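Beneath this line is the structure, given in structure tokens, with notes to follow.
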Amino acid sequence: MSILREKNNSKQTLRRLKTIESELEDIVKALYFDCVGHHVTAVSCKFLDSLDLYISIEGSTSLPEKFLEEWGSTELADNMRNAINQIIRNKLGETLKDELNLKTNQISLLKPEQPEQIDILIDFRL
Amino acid sequence: MSESELLTVGQLEREVSQKLQALYKKQLGHQPGKVTCQLFGTKLAIILEDSVTQPEQLLAEEGQPDLARQVREDLNTAMQPQIKALVEDILSVEILDILSDATLSTGRTGIIAILSETPAVRNPEAIPKIKRS
């Protein structure tokens, strides 16, 4: 997507980026539901000045994970969480390419600020 | 409880099936597709179809079968006390032992409960393998 290859702060570019952010929020919500069968509470997507994309997914913990945690299988619930996050990360890269023709350079999972949250940083520089 | 107030064996089995479906939905966010419940004297056999949750299926399909199996094993173990309490409450008999296992590839879960005695029902002759004096 050419808009991500050039740094341009025109109003039109900023509006276009906002539109992409909004489309991405819907795509991420749908991807999470398709994969995990769980409606997340909120998704926010924001292009940074560097044009890296920051995605925050709130309320991402599915009921089986919560149930295991409450039961005392904390380590297994953590392993499950980490594995699901990695799968979502990989599928997100494929989805961005297929649905928005956005090729990613690197998708990093960040240390989440809150429990039940996934924070992702996407670098599009190729 | 007089005999006329007792439920039939079919009604008891249906109640166990329906309440188990509701329990799975509440705890795991996933309702099994079909639950078959059959009483054999002092044993109760339950089969839950489509019982594997979507996160487990995702793990199994995306190269984490061992983790998916471990999750299923722990979920089964964690569910057992609630299943036991539910069945005991409906059948009004004690459960001496409960065994369960699941197959991820088919999504089936099987549960066998060993009861302290045959539950009182309106039509005991309809229970297979009941010991008649």
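Within each chain, counting starts at residue 1; across the structure tokens, chains are named A, B, ... in the order shown, with ligands numbered 1 upward in that order.
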
Just need the residues of chain A within 6 Å of chain B, counting only C-alpha atoms, so spit them out as a PyMOL selection string. chain A and resi 36-37+63-64

Phe40 of chain B: which residues within 8 Å, counting only C-alpha atoms, same-chain residues fewer than 5 positions away excluded, as a PyMOL selection string? chain B and resi 45+127-130

So that I have them on file, write out the residues from the current selection with C-alpha atoms, as a compact mmCIF listing (two decimals), in the first residue's frame.
```txt
# COMPACT_ATOMS: atom_id res chain seq x y z
CA ALA B 45 -22.62 -43.29 30.55
CA ILE B 127 -33.23 -49.35 33.22
CA PRO B 128 -31.01 -51.95 31.50
CA LYS B 129 -29.03 -54.35 33.71
CA ILE B 130 -30.88 -53.44 36.89
```

From a backbone DSSP assignment, name each residue in segment 21-116 of chain A labelled helix (DSSP H, G or I), as a PyMOL selection string. chain A and resi 21-36+63-71+74-100

Please identify which residues in chain A DSSP calls strand (DSSP E) from the backbone, and express them as a VMD selection string. chain A and resid 42 to 47 53 to 58 106 to 110 118 to 123

Take the residues that were just selected and, keeping N, CA, C and O atoms, output them as a PDB file, in the first residue's frame.
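Output contents, as saved in part_18.pdb:
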```pdb
ATOM      1  N   ALA A  42     -12.393  -4.866  23.095  1.00  0.00           N
ATOM      2  CA  ALA A  42     -12.100  -3.714  22.233  1.00  0.00           C
ATOM      3  C   ALA A  42     -10.798  -3.936  21.487  1.00  0.00           C
ATOM      4  O   ALA A  42      -9.901  -4.630  21.967  1.00  0.00           O
ATOM      5  N   VAL A  43     -10.723  -3.334  20.302  1.00  0.00           N
ATOM      6  CA  VAL A  43      -9.472  -3.355  19.530  1.00  0.00           C
ATOM      7  C   VAL A  43      -9.161  -1.927  19.136  1.00  0.00           C
ATOM      8  O   VAL A  43     -10.047  -1.204  18.668  1.00  0.00           O
ATOM      9  N   SER A  44      -7.936  -1.517  19.359  1.00  0.00           N
ATOM     10  CA  SER A  44      -7.582  -0.195  18.858  1.00  0.00           C
ATOM     11  C   SER A  44      -6.317  -0.297  18.009  1.00  0.00           C
ATOM     12  O   SER A  44      -5.368  -0.986  18.360  1.00  0.00           O
ATOM     13  N   CYS A  45      -6.353   0.344  16.840  1.00  0.00           N
ATOM     14  CA  CYS A  45      -5.225   0.344  15.914  1.00  0.00           C
ATOM     15  C   CYS A  45      -4.765   1.781  15.713  1.00  0.00           C
ATOM     16  O   CYS A  45      -5.600   2.672  15.518  1.00  0.00           O
ATOM     17  N   LYS A  46      -3.469   1.991  15.764  1.00  0.00           N
ATOM     18  CA  LYS A  46      -2.965   3.363  15.636  1.00  0.00           C
ATOM     19  C   LYS A  46      -1.632   3.355  14.888  1.00  0.00           C
ATOM     20  O   LYS A  46      -0.698   2.649  15.282  1.00  0.00           O
ATOM     21  N   PHE A  47      -1.573   4.121  13.772  1.00  0.00           N
ATOM     22  CA  PHE A  47      -0.291   4.276  13.090  1.00  0.00           C
ATOM     23  C   PHE A  47       0.555   5.275  13.867  1.00  0.00           C
ATOM     24  O   PHE A  47       0.087   6.362  14.211  1.00  0.00           O
ATOM     25  N   LEU A  53       2.559   0.180  12.984  1.00  0.00           N
ATOM     26  CA  LEU A  53       1.172   0.094  13.450  1.00  0.00           C
ATOM     27  C   LEU A  53       1.135  -0.550  14.840  1.00  0.00           C
ATOM     28  O   LEU A  53       1.702  -1.623  15.053  1.00  0.00           O
ATOM     29  N   TYR A  54       0.462   0.130  15.765  1.00  0.00           N
ATOM     30  CA  TYR A  54       0.319  -0.400  17.118  1.00  0.00           C
ATOM     31  C   TYR A  54      -1.119  -0.909  17.263  1.00  0.00           C
ATOM     32  O   TYR A  54      -2.080  -0.187  16.993  1.00  0.00           O
ATOM     33  N   ILE A  55      -1.257  -2.167  17.647  1.00  0.00           N
ATOM     34  CA  ILE A  55      -2.598  -2.754  17.837  1.00  0.00           C
ATOM     35  C   ILE A  55      -2.731  -3.200  19.284  1.00  0.00           C
ATOM     36  O   ILE A  55      -1.852  -3.883  19.820  1.00  0.00           O
ATOM     37  N   SER A  56      -3.807  -2.817  19.904  1.00  0.00           N
ATOM     38  CA  SER A  56      -4.075  -3.258  21.264  1.00  0.00           C
ATOM     39  C   SER A  56      -5.418  -3.989  21.283  1.00  0.00           C
ATOM     40  O   SER A  56      -6.427  -3.460  20.834  1.00  0.00           O
ATOM     41  N   ILE A  57      -5.382  -5.210  21.772  1.00  0.00           N
ATOM     42  CA  ILE A  57      -6.604  -6.029  21.849  1.00  0.00           C
ATOM     43  C   ILE A  57      -6.934  -6.221  23.328  1.00  0.00           C
ATOM     44  O   ILE A  57      -6.123  -6.776  24.073  1.00  0.00           O
ATOM     45  N   GLU A  58      -8.095  -5.740  23.746  1.00  0.00           N
ATOM     46  CA  GLU A  58      -8.487  -5.862  25.166  1.00  0.00           C
ATOM     47  C   GLU A  58      -9.511  -6.977  25.346  1.00  0.00           C
ATOM     48  O   GLU A  58     -10.301  -7.254  24.448  1.00  0.00           O
ATOM     49  N   GLN A 106       7.913  -7.070  10.098  1.00  0.00           N
ATOM     50  CA  GLN A 106       8.022  -7.765  11.384  1.00  0.00           C
ATOM     51  C   GLN A 106       6.785  -7.478  12.224  1.00  0.00           C
ATOM     52  O   GLN A 106       6.301  -6.343  12.269  1.00  0.00           O
ATOM     53  N   ILE A 107       6.279  -8.534  12.866  1.00  0.00           N
ATOM     54  CA  ILE A 107       5.151  -8.357  13.785  1.00  0.00           C
ATOM     55  C   ILE A 107       5.634  -8.782  15.165  1.00  0.00           C
ATOM     56  O   ILE A 107       6.014  -9.942  15.364  1.00  0.00           O
ATOM     57  N   SER A 108       5.638  -7.847  16.098  1.00  0.00           N
ATOM     58  CA  SER A 108       6.157  -8.149  17.438  1.00  0.00           C
ATOM     59  C   SER A 108       5.039  -8.112  18.464  1.00  0.00           C
ATOM     60  O   SER A 108       4.203  -7.200  18.461  1.00  0.00           O
ATOM     61  N   LEU A 109       5.060  -9.107  19.348  1.00  0.00           N
ATOM     62  CA  LEU A 109       4.131  -9.090  20.486  1.00  0.00           C
ATOM     63  C   LEU A 109       4.822  -8.329  21.610  1.00  0.00           C
ATOM     64  O   LEU A 109       5.946  -8.658  21.990  1.00  0.00           O
ATOM     65  N   LEU A 110       4.163  -7.307  22.127  1.00  0.00           N
ATOM     66  CA  LEU A 110       4.760  -6.504  23.199  1.00  0.00           C
ATOM     67  C   LEU A 110       4.280  -7.026  24.549  1.00  0.00           C
ATOM     68  O   LEU A 110       3.273  -7.735  24.628  1.00  0.00           O
ATOM     69  N   ILE A 118      -3.610  -7.884  24.544  1.00  0.00           N
ATOM     70  CA  ILE A 118      -2.504  -8.231  23.638  1.00  0.00           C
ATOM     71  C   ILE A 118      -2.073  -6.942  22.956  1.00  0.00           C
ATOM     72  O   ILE A 118      -2.912  -6.228  22.401  1.00  0.00           O
ATOM     73  N   ASP A 119      -0.791  -6.648  23.019  1.00  0.00           N
ATOM     74  CA  ASP A 119      -0.255  -5.473  22.337  1.00  0.00           C
ATOM     75  C   ASP A 119       0.696  -5.941  21.237  1.00  0.00           C
ATOM     76  O   ASP A 119       1.582  -6.756  21.483  1.00  0.00           O
ATOM     77  N   ILE A 120       0.462  -5.409  20.051  1.00  0.00           N
ATOM     78  CA  ILE A 120       1.227  -5.854  18.876  1.00  0.00           C
ATOM     79  C   ILE A 120       1.792  -4.628  18.151  1.00  0.00           C
ATOM     80  O   ILE A 120       1.092  -3.613  18.023  1.00  0.00           O
ATOM     81  N   LEU A 121       3.022  -4.754  17.709  1.00  0.00           N
ATOM     82  CA  LEU A 121       3.620  -3.681  16.909  1.00  0.00           C
ATOM     83  C   LEU A 121       3.991  -4.262  15.553  1.00  0.00           C
ATOM     84  O   LEU A 121       4.686  -5.275  15.477  1.00  0.00           O
ATOM     85  N   ILE A 122       3.523  -3.589  14.504  1.00  0.00           N
ATOM     86  CA  ILE A 122       3.800  -4.089  13.149  1.00  0.00           C
ATOM     87  C   ILE A 122       4.677  -3.095  12.406  1.00  0.00           C
ATOM     88  O   ILE A 122       4.359  -1.904  12.332  1.00  0.00           O
ATOM     89  N   ASP A 123       5.764  -3.626  11.882  1.00  0.00           N
ATOM     90  CA  ASP A 123       6.696  -2.825  11.093  1.00  0.00           C
ATOM     91  C   ASP A 123       6.453  -3.172   9.624  1.00  0.00           C
ATOM     92  O   ASP A 123       6.577  -4.334   9.233  1.00  0.00           O
TER      93      ASP A 123
END
```

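Note that the spacing between atom CA of Gln86 of chain A and atom CA of Leu31 of chain A amounts to 13.4 Å.
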
For atom CA of Leu76 of chain A and atom CA of Arg69 of chain B, quote the distance in Å rounded to one decimal. 11.2 Å

Kindly give the distance, in Å, that separates atom CA of Asn82 of chain A and atom CA of Val52 of chain B, rounded to a single decimal.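 Those two atoms sit 19.4 Å apart.
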
Pick out the closest residue to Glu21 of chain A from this set: A:Asp78, A:Leu100, A:Ala83, A:His39. Count only C-alpha atoms.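 Going through A:Asp78, A:Leu100, A:Ala83, A:His39 one by one, the smallest distance to Glu21 of chain A is for A:Leu100.
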